[in-house]
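A.B. asks: My questions all concern the structure below.
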Amino acid sequence: MLIDFNELSEITIPNMNGGEGKVIAKMDVNDCGRFIKTVIPPKSSIGPHLQETNDDINFIVYGEGIAICDDSEEILKAGTCHVCPKGSTHSIINAGEEDLVFYTVVPQK
């Protein structure tokens with residue numbers, strides 16, 4: 001299976017999960033799970049939300065940010081991977097001066 005994010009439609013989500021600013025995303029949903037390319041501009045965030053269905057696996061490719069998972073703070077930068085286990089609450093904040101870009105996989109179990 002190949003997912004070409006260059007061919008997916010882009011959506012802009014203002015105040016995602018009560019966060020600040022906007023989030024820009026491209027998403028593919030299939031039998032294997034959800035695959036998402038996300039861009040969080042500076043001074044924007046994804047607000048705290050419960051990870052209800054499955055683990056949320058985020059591979060950071062560009063920028064700097066902070067993930068807060070069950071009150072534990074993690075520094076995000078290119079080359080890191082933030083995993084929010086099913087049943088946990090997390091948020092992601094762009095803490096830098098450039099876009100925070102990452103790919104998310106939410107596997108279908």
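Just so we're on the same page: first chain in the structure tokens is A, next is B, and so on; residues restart at 1 for each chain, and ligands are numbered from 1 in the order they show up.
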Dump as a Markdown table the rows for residues of segment 45-109 of chain A within 6 Å of segment 13-36 of chain A: closest atom pair and distance in Å with one decimal, only C-alpha atoms counted, ordered by chain and rising residue number.
C.D. replies:
| residue | atom | partner | partner_atom | distance |
| --- | --- | --- | --- | --- |
| A:Ser45 | CA | A:Gly19 | CA | 5.0 |
| A:Ile46 | CA | A:Gly19 | CA | 4.7 |
| A:Gly47 | CA | A:Gly19 | CA | 3.8 |
| A:Tyr103 | CA | A:Ile36 | CA | 5.5 |
| A:Thr104 | CA | A:Ile36 | CA | 5.0 |
| A:Val105 | CA | A:Phe35 | CA | 4.8 |
| A:Val106 | CA | A:Arg34 | CA | 5.1 |
| A:Pro107 | CA | A:Gly33 | CA | 4.4 |
| A:Gln108 | CA | A:Gly33 | CA | 4.3 |
A.B. asks: Near segment 59-76 of chain A, within 6 Å and counting only C-alpha atoms, which residues show up once chain neighbours fewer than 5 positions away are dropped, as a PyMOL selection string?
C.D. replies: chain A and resi 81+89-96+98-103
A.B. asks: Going by DSSP on the backbone, which bits of chain A are strand (DSSP E)? Write them as a VMD selection string, please.
C.D. replies: chain A and resid 11 to 14 22 to 30 33 to 40 45 to 50 56 to 62 64 to 69 72 to 77 81 to 84 89 to 94 100 to 107
